[in-house]
Amino acid sequence: MIFASASGFRAEEIAVTSSVFICGGLKVEEFNGRVGVVTGGASGIGLGMCRAFAKRGMKVVVADLNEETINAAVEELTNGGAEAIGHVCDVSSHEAVQGLADAAVSAFGGVNVFCANAGVGIPTSARKMKLADWKWIIDVDLWGPIYGVDVFLPLIEAQGEGHINATSSMAGLISSQMMGAYNVAKHGVVALMAATERELRAKKSPITASVLCPGPINTNISRNSVSYRPGQSKPRADGESAGKLANNIQATLEQGMHPDEVGELVADAIATDKFWILTHPYWAKAIQKQLDALREDQSLTRA
Ligand SMILES: NC(=O)c1ccc[n+]([C@@H]2O[C@H](COP(=O)([O-])OP(=O)(O)OC[C@H]3O[C@@H](n4cnc5c(N)ncnc54)[C@H](O)[C@@H]3O)[C@@H](O)[C@H]2O)c1
């Protein structure tokens, strides 16, 4: 697709001019006036990203499922002086993600930063998880970012500058028990973004990519996920233990980092060309432990 960019270039001109963007991504001073699109942007970490982008003078598109929460987020951002619009988008539909891109281009002329952040998760054993839950979680948490890269990366490339990010988790780096489909999807998101970033560097693209791997963040993900879950039925045979685990997870999240801090980390990472965005880098010791065991006796650590 060809459209006029925020900087006034057309796509065919960018091919010639892109070599001036030596380091890629967006530098701190370049956020102002650029366009950011965030899925799952009406709540939690996504809203934190929208706030961080708006604070830096970006035009923001808040994409989420629920019109009421989207409107509340847009109202807050515009009251704070930002240009923002909302768009209802179910990220598990390619057509809906394409519709989101069309809305962003029609409102603001292009997209410079895209964050595939929408996500859901329920604790369930990999063995006993219902296939309907597997499908729902993989559709939202993995196909959502895949559709995001498919639709938004060409748009950002047409701008000749910008950044694409997706939200994984520490569950994308280490697979704990009782998080079956979530682990699978979040590992996929890490692989998707690492491959994308390597391919961008190989072709000396001015665009950069990153992956956000949060530890515990104080959001409503547990409650939101329960309310969006298709059928809302209990997991097959481990309802009680999964229920206890869900309560424990919720209690841990409530002690977690504020989502606005995560939004700031993402904006800083975009400005400083960081690929890995870890909210709790200390937790990387669990990954180191697994790597050590892999080398020493090829055993699986008990995470
Ligand atoms: N909270 C944490 O501790 C934590 C830790 C690691 C990773 N994450 C990841 O961070 C991301 C944001 O989660 P959060 O914690 O801010 O939770 P949240 O529930 O506050 O935000 C997630 C948003 O995604 C939206 N959403 C859900 N399904 C959707 C769909 N099909 N299409 C579009 N939007 C949809 C929800 O409506 C919600 O607004 C998720 O990908 C989650 O897996 C969160």
# chains A, B, ... in the order shown; residues from 1 in each chain; ligands from 1

$ residues_near_ligand --ligand "ligand 1" --cutoff "8 Å" --atoms "only C-alpha atoms and all ligand atoms" --output "PyMOL selection string"
chain A and resi 39-47+63-66+69+88-92+116-121+139-141+144+167-171+182+186+212-225+228+253+256+259

$ write_last_selection --atoms "C-alpha atoms" --output "mmCIF file, in the first residue's frame"
data_model
loop_
_atom_site.group_PDB
_atom_site.id
_atom_site.type_symbol
_atom_site.label_atom_id
_atom_site.label_comp_id
_atom_site.auth_asym_id
_atom_site.auth_seq_id
_atom_site.Cartn_x
_atom_site.Cartn_y
_atom_site.Cartn_z
ATOM 1 C CA THR A 39 -3.707 -3.529 20.701
ATOM 2 C CA GLY A 40 -5.145 -4.306 24.110
ATOM 3 C CA GLY A 41 -4.593 -0.568 24.544
ATOM 4 C CA ALA A 42 -7.585 0.159 26.762
ATOM 5 C CA SER A 43 -6.279 -1.601 29.856
ATOM 6 C CA GLY A 44 -3.172 -2.532 31.830
ATOM 7 C CA ILE A 45 0.169 -2.621 30.018
ATOM 8 C CA GLY A 46 -1.348 -1.492 26.684
ATOM 9 C CA LEU A 47 -2.865 1.579 28.312
ATOM 10 C CA ALA A 63 -7.395 -0.866 19.856
ATOM 11 C CA ASP A 64 -9.295 -3.250 22.088
ATOM 12 C CA LEU A 65 -12.435 -5.363 22.330
ATOM 13 C CA ASN A 66 -14.753 -3.289 24.464
ATOM 14 C CA THR A 69 -13.143 0.887 27.925
ATOM 15 C CA VAL A 88 -12.716 -2.028 18.202
ATOM 16 C CA CYS A 89 -10.492 -4.850 16.985
ATOM 17 C CA ASP A 90 -10.420 -8.540 17.819
ATOM 18 C CA VAL A 91 -6.773 -9.414 17.147
ATOM 19 C CA SER A 92 -7.633 -13.060 16.476
ATOM 20 C CA ALA A 116 0.860 -6.245 19.417
ATOM 21 C CA ASN A 117 0.027 -6.328 23.085
ATOM 22 C CA ALA A 118 -3.498 -7.774 23.471
ATOM 23 C CA GLY A 119 -3.413 -11.007 25.383
ATOM 24 C CA VAL A 120 -5.281 -13.454 27.583
ATOM 25 C CA GLY A 121 -4.231 -16.271 29.866
ATOM 26 C CA ASP A 139 -5.564 -17.313 18.387
ATOM 27 C CA VAL A 140 -5.291 -14.193 20.565
ATOM 28 C CA ASP A 141 -1.754 -14.456 21.982
ATOM 29 C CA GLY A 144 -2.738 -11.752 17.045
ATOM 30 C CA THR A 167 4.197 -8.495 24.134
ATOM 31 C CA SER A 168 5.389 -11.922 25.191
ATOM 32 C CA SER A 169 6.077 -12.758 28.839
ATOM 33 C CA MET A 170 8.666 -14.438 31.051
ATOM 34 C CA ALA A 171 6.447 -17.416 30.070
ATOM 35 C CA TYR A 182 0.096 -19.479 27.294
ATOM 36 C CA LYS A 186 4.413 -16.587 24.323
ATOM 37 C CA LEU A 212 8.377 -7.226 25.757
ATOM 38 C CA CYS A 213 8.733 -10.002 28.348
ATOM 39 C CA PRO A 214 7.039 -8.780 31.516
ATOM 40 C CA GLY A 215 7.199 -10.407 34.914
ATOM 41 C CA PRO A 216 4.284 -9.724 37.284
ATOM 42 C CA ILE A 217 2.459 -6.503 36.421
ATOM 43 C CA ASN A 218 -0.507 -5.182 38.383
ATOM 44 C CA THR A 219 -3.298 -5.518 35.821
ATOM 45 C CA ASN A 220 -6.700 -7.166 35.527
ATOM 46 C CA ILE A 221 -5.533 -9.840 33.104
ATOM 47 C CA SER A 222 -6.873 -12.734 35.197
ATOM 48 C CA ARG A 223 -10.356 -11.245 35.523
ATOM 49 C CA ASN A 224 -10.445 -9.992 31.930
ATOM 50 C CA SER A 225 -9.371 -13.388 30.623
ATOM 51 C CA TYR A 228 -13.534 -13.289 27.577
ATOM 52 C CA LEU A 253 0.063 -9.641 40.042
ATOM 53 C CA GLY A 256 3.517 -6.389 40.631
ATOM 54 C CA PRO A 259 1.632 -0.901 34.050
#

$ residues_around --residues "segment 100-106 of chain A" --least-positions-apart "4" --cutoff "9 Å" --atoms "only C-alpha atoms" --output "NGL selection string"
:A and (3 or 35-37 or 60-61 or 63 or 85 or 87-89 or 95-96 or 110-111 or 151-152 or 155)

$ residues_around --residues "Lys274 of chain A" --least-positions-apart "6" --cutoff "10 Å" --atoms "only C-alpha atoms" --output "list in words"
Gly25, Thr208, Ala209, Ser210, Val211, Val266 and Asp268 of chain A

$ write_last_selection --atoms "C-alpha atoms" --output "PDB file, in the first residue's frame"
ATOM      1  CA  GLY A  25      13.833   2.811  15.012  1.00  0.00           C
ATOM      2  CA  THR A 208      13.551  -2.086  14.369  1.00  0.00           C
ATOM      3  CA  ALA A 209      11.640  -4.727  16.325  1.00  0.00           C
ATOM      4  CA  SER A 210      11.479  -5.692  19.979  1.00  0.00           C
ATOM      5  CA  VAL A 211       9.760  -8.083  22.334  1.00  0.00           C
ATOM      6  CA  VAL A 266       8.771   0.182  26.076  1.00  0.00           C
ATOM      7  CA  ASP A 268      12.689   3.932  26.203  1.00  0.00           C
TER       8      ASP A 268
END

$ closest_residue --among "A:Arg229, A:Lys285, A:His280, A:Lys27" --to "Lys130 of chain A" --atoms "only C-alpha atoms"
A:Arg229

$ select_by_dssp --residues "segment 26-206 of chain A" --states "helix (DSSP H, G or I)" --output "number ranges by chain"
A: 28-30, 44-55, 67-79, 94-108, 131-159, 170-172, 180-202

$ select_by_dssp --residues "segment 27-102 of chain A" --states "strand (DSSP E)" --output "JSON list (two decimals) with N, CA and C atoms, in the first residue's frame"
[["chain", "number", "residue", "atom", "x", "y", "z"],
["A", 35, "VAL", "N", 2.90, 8.23, 14.77],
["A", 35, "VAL", "CA", 1.64, 7.53, 15.05],
["A", 35, "VAL", "C", 1.91, 6.16, 15.69],
["A", 36, "GLY", "N", 1.30, 5.91, 16.83],
["A", 36, "GLY", "CA", 1.45, 4.62, 17.50],
["A", 36, "GLY", "C", 0.11, 3.90, 17.61],
["A", 37, "VAL", "N", 0.12, 2.61, 17.33],
["A", 37, "VAL", "CA", -1.10, 1.78, 17.44],
["A", 37, "VAL", "C", -0.83, 0.69, 18.47],
["A", 38, "VAL", "N", -1.72, 0.55, 19.44],
["A", 38, "VAL", "CA", -1.51, -0.43, 20.51],
["A", 38, "VAL", "C", -2.74, -1.32, 20.63],
["A", 39, "THR", "N", -2.57, -2.63, 20.47],
["A", 39, "THR", "CA", -3.71, -3.53, 20.70],
["A", 39, "THR", "C", -3.76, -3.89, 22.19],
["A", 59, "LYS", "N", 0.60, 10.54, 18.17],
["A", 59, "LYS", "CA", -0.82, 10.32, 17.93],
["A", 59, "LYS", "C", -1.07, 8.84, 18.20],
["A", 60, "VAL", "N", -2.16, 8.56, 18.92],
["A", 60, "VAL", "CA", -2.31, 7.19, 19.41],
["A", 60, "VAL", "C", -3.63, 6.56, 18.94],
["A", 61, "VAL", "N", -3.54, 5.31, 18.52],
["A", 61, "VAL", "CA", -4.74, 4.53, 18.20],
["A", 61, "VAL", "C", -4.88, 3.44, 19.25],
["A", 62, "VAL", "N", -5.97, 3.52, 20.02],
["A", 62, "VAL", "CA", -6.24, 2.55, 21.08],
["A", 62, "VAL", "C", -7.14, 1.45, 20.51],
["A", 63, "ALA", "N", -6.60, 0.24, 20.39],
["A", 63, "ALA", "CA", -7.39, -0.87, 19.86],
["A", 63, "ALA", "C", -7.69, -1.85, 20.97],
["A", 64, "ASP", "N", -8.93, -2.26, 21.06],
["A", 64, "ASP", "CA", -9.30, -3.25, 22.09],
["A", 64, "ASP", "C", -10.65, -3.85, 21.73],
["A", 84, "ALA", "N", -5.90, 11.23, 19.79],
["A", 84, "ALA", "CA", -6.10, 9.78, 19.95],
["A", 84, "ALA", "C", -7.45, 9.38, 19.37],
["A", 85, "ILE", "N", -7.48, 8.19, 18.82],
["A", 85, "ILE", "CA", -8.76, 7.60, 18.41],
["A", 85, "ILE", "C", -8.82, 6.17, 18.95],
["A", 86, "GLY", "N", -10.03, 5.64, 19.00],
["A", 86, "GLY", "CA", -10.20, 4.25, 19.43],
["A", 86, "GLY", "C", -10.73, 3.41, 18.28],
["A", 87, "HIS", "N", -10.48, 2.11, 18.35],
["A", 87, "HIS", "CA", -10.99, 1.23, 17.31],
["A", 87, "HIS", "C", -11.22, -0.15, 17.92],
["A", 88, "VAL", "N", -12.42, -0.68, 17.72],
["A", 88, "VAL", "CA", -12.72, -2.03, 18.20],
["A", 88, "VAL", "C", -12.06, -3.03, 17.26]]

$ residues_around --residues "Glu29 of chain A" --least-positions-apart "6" --cutoff "10 Å" --atoms "only C-alpha atoms" --output "PyMOL selection string"
chain A and resi 56-57+271

$ atom_distance --atom1 "atom CA of Pro206 of chain A" --atom2 "atom CA of Leu173 of chain A"
27.2 Å

$ residues_around --residues "Gln177 of chain A" --least-positions-apart "2" --cutoff "8 Å" --atoms "only C-alpha atoms" --output "list in words"
Ser125, Ala126, Ser175, Met179, Gly180 and Ala303 of chain A

$ residues_around --residues "segment 191-200 of chain A" --least-positions-apart "2" --cutoff "10 Å" --atoms "only C-alpha atoms" --output "mmCIF file with C-alpha atoms, in the first residue's frame"
data_model
loop_
_atom_site.group_PDB
_atom_site.id
_atom_site.type_symbol
_atom_site.label_atom_id
_atom_site.label_comp_id
_atom_site.auth_asym_id
_atom_site.auth_seq_id
_atom_site.Cartn_x
_atom_site.Cartn_y
_atom_site.Cartn_z
ATOM 1 C CA GLY A 24 16.784 2.694 12.640
ATOM 2 C CA LEU A 142 0.094 -15.825 18.939
ATOM 3 C CA PRO A 145 0.973 -10.762 16.835
ATOM 4 C CA ILE A 146 1.420 -12.784 13.596
ATOM 5 C CA VAL A 149 3.423 -8.244 11.800
ATOM 6 C CA LEU A 153 5.218 -4.150 9.226
ATOM 7 C CA HIS A 163 9.292 0.158 15.235
ATOM 8 C CA ILE A 164 7.271 -3.001 15.738
ATOM 9 C CA ASN A 165 6.872 -4.575 19.168
ATOM 10 C CA ALA A 166 4.945 -7.516 20.577
ATOM 11 C CA THR A 167 4.197 -8.495 24.134
ATOM 12 C CA SER A 168 5.389 -11.922 25.191
ATOM 13 C CA GLY A 172 7.941 -16.956 26.590
ATOM 14 C CA ALA A 185 1.921 -18.793 22.470
ATOM 15 C CA LYS A 186 4.413 -16.587 24.323
ATOM 16 C CA HIS A 187 7.427 -18.670 23.156
ATOM 17 C CA GLY A 188 6.016 -18.224 19.654
ATOM 18 C CA VAL A 189 5.882 -14.448 20.104
ATOM 19 C CA ALA A 202 19.976 -8.562 7.512
ATOM 20 C CA LYS A 203 18.345 -6.300 4.939
ATOM 21 C CA LYS A 204 19.676 -3.153 6.673
ATOM 22 C CA SER A 205 16.139 -1.919 7.231
ATOM 23 C CA PRO A 206 15.583 1.378 9.038
ATOM 24 C CA ILE A 207 12.823 -0.381 11.031
ATOM 25 C CA THR A 208 13.551 -2.086 14.369
ATOM 26 C CA ALA A 209 11.640 -4.727 16.325
ATOM 27 C CA SER A 210 11.479 -5.692 19.979
ATOM 28 C CA VAL A 211 9.760 -8.083 22.334
ATOM 29 C CA LEU A 212 8.377 -7.226 25.757
ATOM 30 C CA PHE A 275 15.369 -5.867 21.478
ATOM 31 C CA TRP A 276 14.656 -7.563 24.809
#

$ decode --residues "segment 204-220 of chain A" --atoms "N, CA and C atoms" --output "PDB file, in the first residue's frame"
ATOM      1  N   LYS A 204      19.302  -4.528   6.314  1.00  0.00           N
ATOM      2  CA  LYS A 204      19.676  -3.153   6.673  1.00  0.00           C
ATOM      3  C   LYS A 204      18.471  -2.211   6.654  1.00  0.00           C
ATOM      4  N   SER A 205      17.370  -2.717   7.187  1.00  0.00           N
ATOM      5  CA  SER A 205      16.139  -1.919   7.231  1.00  0.00           C
ATOM      6  C   SER A 205      16.266  -0.804   8.265  1.00  0.00           C
ATOM      7  N   PRO A 206      15.620   0.327   8.027  1.00  0.00           N
ATOM      8  CA  PRO A 206      15.583   1.378   9.038  1.00  0.00           C
ATOM      9  C   PRO A 206      14.588   1.069  10.172  1.00  0.00           C
ATOM     10  N   ILE A 207      13.838  -0.018  10.024  1.00  0.00           N
ATOM     11  CA  ILE A 207      12.823  -0.381  11.031  1.00  0.00           C
ATOM     12  C   ILE A 207      13.456  -1.322  12.065  1.00  0.00           C
ATOM     13  N   THR A 208      13.066  -1.170  13.333  1.00  0.00           N
ATOM     14  CA  THR A 208      13.551  -2.086  14.369  1.00  0.00           C
ATOM     15  C   THR A 208      12.369  -2.820  15.005  1.00  0.00           C
ATOM     16  N   ALA A 209      12.687  -3.925  15.663  1.00  0.00           N
ATOM     17  CA  ALA A 209      11.640  -4.727  16.325  1.00  0.00           C
ATOM     18  C   ALA A 209      12.096  -5.066  17.741  1.00  0.00           C
ATOM     19  N   SER A 210      11.132  -5.311  18.604  1.00  0.00           N
ATOM     20  CA  SER A 210      11.479  -5.692  19.979  1.00  0.00           C
ATOM     21  C   SER A 210      10.400  -6.610  20.539  1.00  0.00           C
ATOM     22  N   VAL A 211      10.749  -7.242  21.650  1.00  0.00           N
ATOM     23  CA  VAL A 211       9.760  -8.083  22.334  1.00  0.00           C
ATOM     24  C   VAL A 211       9.753  -7.716  23.819  1.00  0.00           C
ATOM     25  N   LEU A 212       8.549  -7.542  24.340  1.00  0.00           N
ATOM     26  CA  LEU A 212       8.377  -7.226  25.757  1.00  0.00           C
ATOM     27  C   LEU A 212       8.102  -8.526  26.511  1.00  0.00           C
ATOM     28  N   CYS A 213       8.926  -8.802  27.521  1.00  0.00           N
ATOM     29  CA  CYS A 213       8.733 -10.002  28.348  1.00  0.00           C
ATOM     30  C   CYS A 213       8.516  -9.581  29.797  1.00  0.00           C
ATOM     31  N   PRO A 214       7.269  -9.237  30.143  1.00  0.00           N
ATOM     32  CA  PRO A 214       7.039  -8.780  31.516  1.00  0.00           C
ATOM     33  C   PRO A 214       7.051  -9.921  32.519  1.00  0.00           C
ATOM     34  N   GLY A 215       7.461  -9.570  33.735  1.00  0.00           N
ATOM     35  CA  GLY A 215       7.199 -10.407  34.914  1.00  0.00           C
ATOM     36  C   GLY A 215       5.850  -9.953  35.448  1.00  0.00           C
ATOM     37  N   PRO A 216       5.606 -10.083  36.762  1.00  0.00           N
ATOM     38  CA  PRO A 216       4.284  -9.724  37.284  1.00  0.00           C
ATOM     39  C   PRO A 216       3.994  -8.215  37.209  1.00  0.00           C
ATOM     40  N   ILE A 217       2.888  -7.897  36.573  1.00  0.00           N
ATOM     41  CA  ILE A 217       2.459  -6.503  36.421  1.00  0.00           C
ATOM     42  C   ILE A 217       1.045  -6.395  36.989  1.00  0.00           C
ATOM     43  N   ASN A 218       0.780  -5.325  37.691  1.00  0.00           N
ATOM     44  CA  ASN A 218      -0.507  -5.182  38.383  1.00  0.00           C
ATOM     45  C   ASN A 218      -1.621  -4.772  37.420  1.00  0.00           C
ATOM     46  N   THR A 219      -2.203  -5.774  36.765  1.00  0.00           N
ATOM     47  CA  THR A 219      -3.298  -5.518  35.821  1.00  0.00           C
ATOM     48  C   THR A 219      -4.456  -6.484  36.118  1.00  0.00           C
ATOM     49  N   ASN A 220      -5.517  -6.318  35.348  1.00  0.00           N
ATOM     50  CA  ASN A 220      -6.700  -7.166  35.527  1.00  0.00           C
ATOM     51  C   ASN A 220      -6.721  -8.350  34.585  1.00  0.00           C
TER      52      ASN A 220
END
